[in-house]
Amino acid sequence: MPNGAQILIEGLVDAGVDMCFAHPGTSATHIVAALDDVPRMRPVLCLFEGVATGAADGYARIAGKPACTLLHLGPGLANGLANLDNARRAGTPVVNIVGDHATRPQRPAASLESDVTSLSRTVSGWTRRTYQATDLAGDVAEAVAAAYGPPGAVATLVVPADVSSSEADKSSGTVRGEVPGARPGTRPRPGAVSSAAVAAAAEVLRSGAPAVLLLGGAATHGPGLHAAARIAEATGARLLCESFPARLERGAGLPPVERLAHGTADAYAQLAGVRHLLVAGTTTPVPFFAHPEPHGRPEPHGCEVRSLAEGAEDVTAALEALAGAFDPPSPVPQESLRPGRPTGELTAESAAAAIGALLPEGAIVVDESNTSGLWLPDATAGAPPHDWLPLTGGAIGQGLPAAVGAALAAPDRRVLALEADGSAMYSPQALWTMAREELDVTVVVFDNRAYSALSRELMSAGADPDGEWAADLLELSRPDLDFVGLARAMGVPAEQATTAEEFTAILDRALAEPGPYLVDCDVPPAG
């Protein structure tokens, strides 16, 4: 008779979850052992829980299905919360398995004991603690269904050690019925958008008033994106997408989509004159920071905001239905256009030109470049088709872990991780996993030795970034960070570039060679 851990792993793989990013602990020993009994699950060791949770996010964004994490007690879950919050914001399906102390009373309280359930609810759309091994099969099915949503969500299942070690007949358990469609091998489908909502959107677009179609979720890639492009071509509406979409498909031959600026003043200027903002797959834009603004919101005064599809609704089907209300010509795709290989001084701008000149077809770009990435959208717009994974959620430390997950989701594609130096120091342990798994990830660290984003925000808030203590807190120096040495210590080959020619040559070689490689891009702070 199987034990609870075996039922758990079998239930996950039966539901299509076959990738586990693990930072295991003593509370999960039986689950670790069960991985040998269920070889269909692929475990990937991560040296920090934030790497495991960020990798699960990156995996699901590309694979289109959840991975699971294996975490140790409340403190282990706490270490992974930042990247789980990014996943929550991105609508990414993730299943957390948290090993916990046995259900038997602990007197006095066991070391590391905490209220795991309450902690998990800060980032999870669904949380449950299993008390009996016979309930595990049903609980796992509900966890996976809850992760799929729609919309996608983080689902956390807390499994006490004695539950995972107990023998049980999995067929004797039941699904509690809290999540519709919670059956192994099934995937909940999004709800249909009403024909009245589609007709109302069509009427708005026919009015002739300046309109923007703001995309998010499934509308930023695949059929949804192409349907949106047909609508824009037929009606003259501008296409924009949310500031930090979970996954944006872009490049030559694809519909060009501009991202909404995340700064309120910049977004307000971007939307100047717009009378109708039609939102599809996302929510009404809100200010990113609470700095004093003369206008307060991104959209101009008098602009009507209308939602076509959001939350659990099928945005792709809604956009296709809306396109069918017109007779759209074929949209004009993004033309193929690359920058020349840069020469001279290495700056964030010349580095962006090199990336645009060399980006391979089918690449997955994980972008946590922050201020050093200001020139990347224009420089890469006409590169061969690729996917762009921004820092959805804004909690830094996502880039390197998400690159791990994306590379495992698409082993036939090159992953390019673009990292700010401060962000890279949140989860450098991901480099070790890249080396161990021999992943085709090229990491570019924009090494400007400063928290430049914070300097900009201080100025936006009307504060002085040059005060003695403020400046000291924003500089990454004394000592300078050695990213080449750090990468090599983790088993990843690395070089530093100090000129545009050096950076281009190293990046060209790194993108062509199998396995991970890190390029330390020595640049001055942007702007």
# chains A, B, ... in the order shown; residues from 1 in each chain; ligands from 1

call {"tool": "residues_around", "arguments": {"residues": "Pro150 of chain A", "least_positions_apart": "2", "cutoff": "6 Å", "atoms": "only C-alpha atoms", "output": "count of residues only"}}
result
4

call {"tool": "select_by_dssp", "arguments": {"residues": "segment 409-476 of chain A", "states": "helix (DSSP H, G or I)", "output": "PyMOL selection string"}}
result
chain A and resi 409+421-424+430-437+452-460+468-473

call {"tool": "residues_around", "arguments": {"residues": "segment 366-373 of chain A", "least_positions_apart": "4", "cutoff": "6 Å", "atoms": "only C-alpha atoms", "output": "PyMOL selection string"}}
result
chain A and resi 348+389-391+399+417-420+453+526

call {"tool": "write_last_selection", "arguments": {"atoms": "C-alpha atoms", "output": "tab-separated table (two decimals), in the first residue's frame"}}
result
chain	number	residue	atom	x	y	z
A	348	ALA	CA	23.48	50.51	-21.44
A	389	LEU	CA	9.27	37.83	-19.70
A	390	PRO	CA	9.29	41.08	-17.68
A	391	LEU	CA	9.46	41.50	-13.92
A	399	GLY	CA	15.27	37.16	-13.21
A	417	ALA	CA	18.62	36.68	-18.71
A	418	LEU	CA	19.17	40.44	-18.53
A	419	GLU	CA	19.99	41.38	-14.94
A	420	ALA	CA	20.58	44.55	-12.99
A	453	ALA	CA	16.20	52.89	-9.94
A	526	ALA	CA	21.86	55.11	-16.93

call {"tool": "residues_around", "arguments": {"residues": "Gly405 of chain A", "least_positions_apart": "4", "cutoff": "9 Å", "atoms": "only C-alpha atoms", "output": "NGL selection string"}}
result
:A and (21 or 52 or 54-62 or 67 or 401 or 409-410)

call {"tool": "closest_residue", "arguments": {"among": "A:Glu178, A:Asp169, A:Asp314, A:Asp14", "to": "Gly224 of chain A", "atoms": "only C-alpha atoms"}}
result
A:Asp314

call {"tool": "residues_around", "arguments": {"residues": "Asp100 of chain A", "least_positions_apart": "3", "cutoff": "7 Å", "atoms": "only C-alpha atoms", "output": "VMD selection string"}}
result
chain A and resid 27 72 to 73 158 to 161

call {"tool": "select_by_dssp", "arguments": {"residues": "segment 75-233 of chain A", "states": "strand (DSSP E)", "output": "list in words"}}
result
Val94, Val95, Asn96, Ile97, Val98, Gly99, Asp100, Trp126, Thr127, Arg128, Arg129, Val154, Ala155, Thr156, Leu157, Val158, Val159, Pro160, Ala211, Val212, Leu213, Leu214 and Leu215 of chain A

call {"tool": "write_last_selection", "arguments": {"atoms": "C-alpha atoms", "output": "PDB file, in the first residue's frame"}}
result
ATOM      1  CA  VAL A  94       2.130  27.346  -9.340  1.00  0.00           C
ATOM      2  CA  VAL A  95       1.549  24.466  -6.906  1.00  0.00           C
ATOM      3  CA  ASN A  96       3.458  24.757  -3.631  1.00  0.00           C
ATOM      4  CA  ILE A  97       3.993  21.650  -1.545  1.00  0.00           C
ATOM      5  CA  VAL A  98       5.090  22.690   1.944  1.00  0.00           C
ATOM      6  CA  GLY A  99       6.314  19.972   4.259  1.00  0.00           C
ATOM      7  CA  ASP A 100       5.319  20.698   7.837  1.00  0.00           C
ATOM      8  CA  TRP A 126      -5.995  28.533  -2.630  1.00  0.00           C
ATOM      9  CA  THR A 127      -4.520  27.013   0.529  1.00  0.00           C
ATOM     10  CA  ARG A 128      -5.178  23.753   2.328  1.00  0.00           C
ATOM     11  CA  ARG A 129      -3.599  21.604   5.032  1.00  0.00           C
ATOM     12  CA  VAL A 154      -0.586  30.078  -6.605  1.00  0.00           C
ATOM     13  CA  ALA A 155      -2.036  27.035  -4.819  1.00  0.00           C
ATOM     14  CA  THR A 156      -0.395  25.879  -1.588  1.00  0.00           C
ATOM     15  CA  LEU A 157      -0.839  22.449  -0.043  1.00  0.00           C
ATOM     16  CA  VAL A 158       0.624  21.947   3.430  1.00  0.00           C
ATOM     17  CA  VAL A 159       1.525  18.312   4.104  1.00  0.00           C
ATOM     18  CA  PRO A 160       2.497  17.340   7.676  1.00  0.00           C
ATOM     19  CA  ALA A 211      -9.147  54.519 -28.664  1.00  0.00           C
ATOM     20  CA  VAL A 212      -6.518  52.261 -27.133  1.00  0.00           C
ATOM     21  CA  LEU A 213      -6.796  48.505 -26.780  1.00  0.00           C
ATOM     22  CA  LEU A 214      -4.810  47.628 -23.626  1.00  0.00           C
ATOM     23  CA  LEU A 215      -3.774  43.963 -23.545  1.00  0.00           C
TER      24      LEU A 215
END
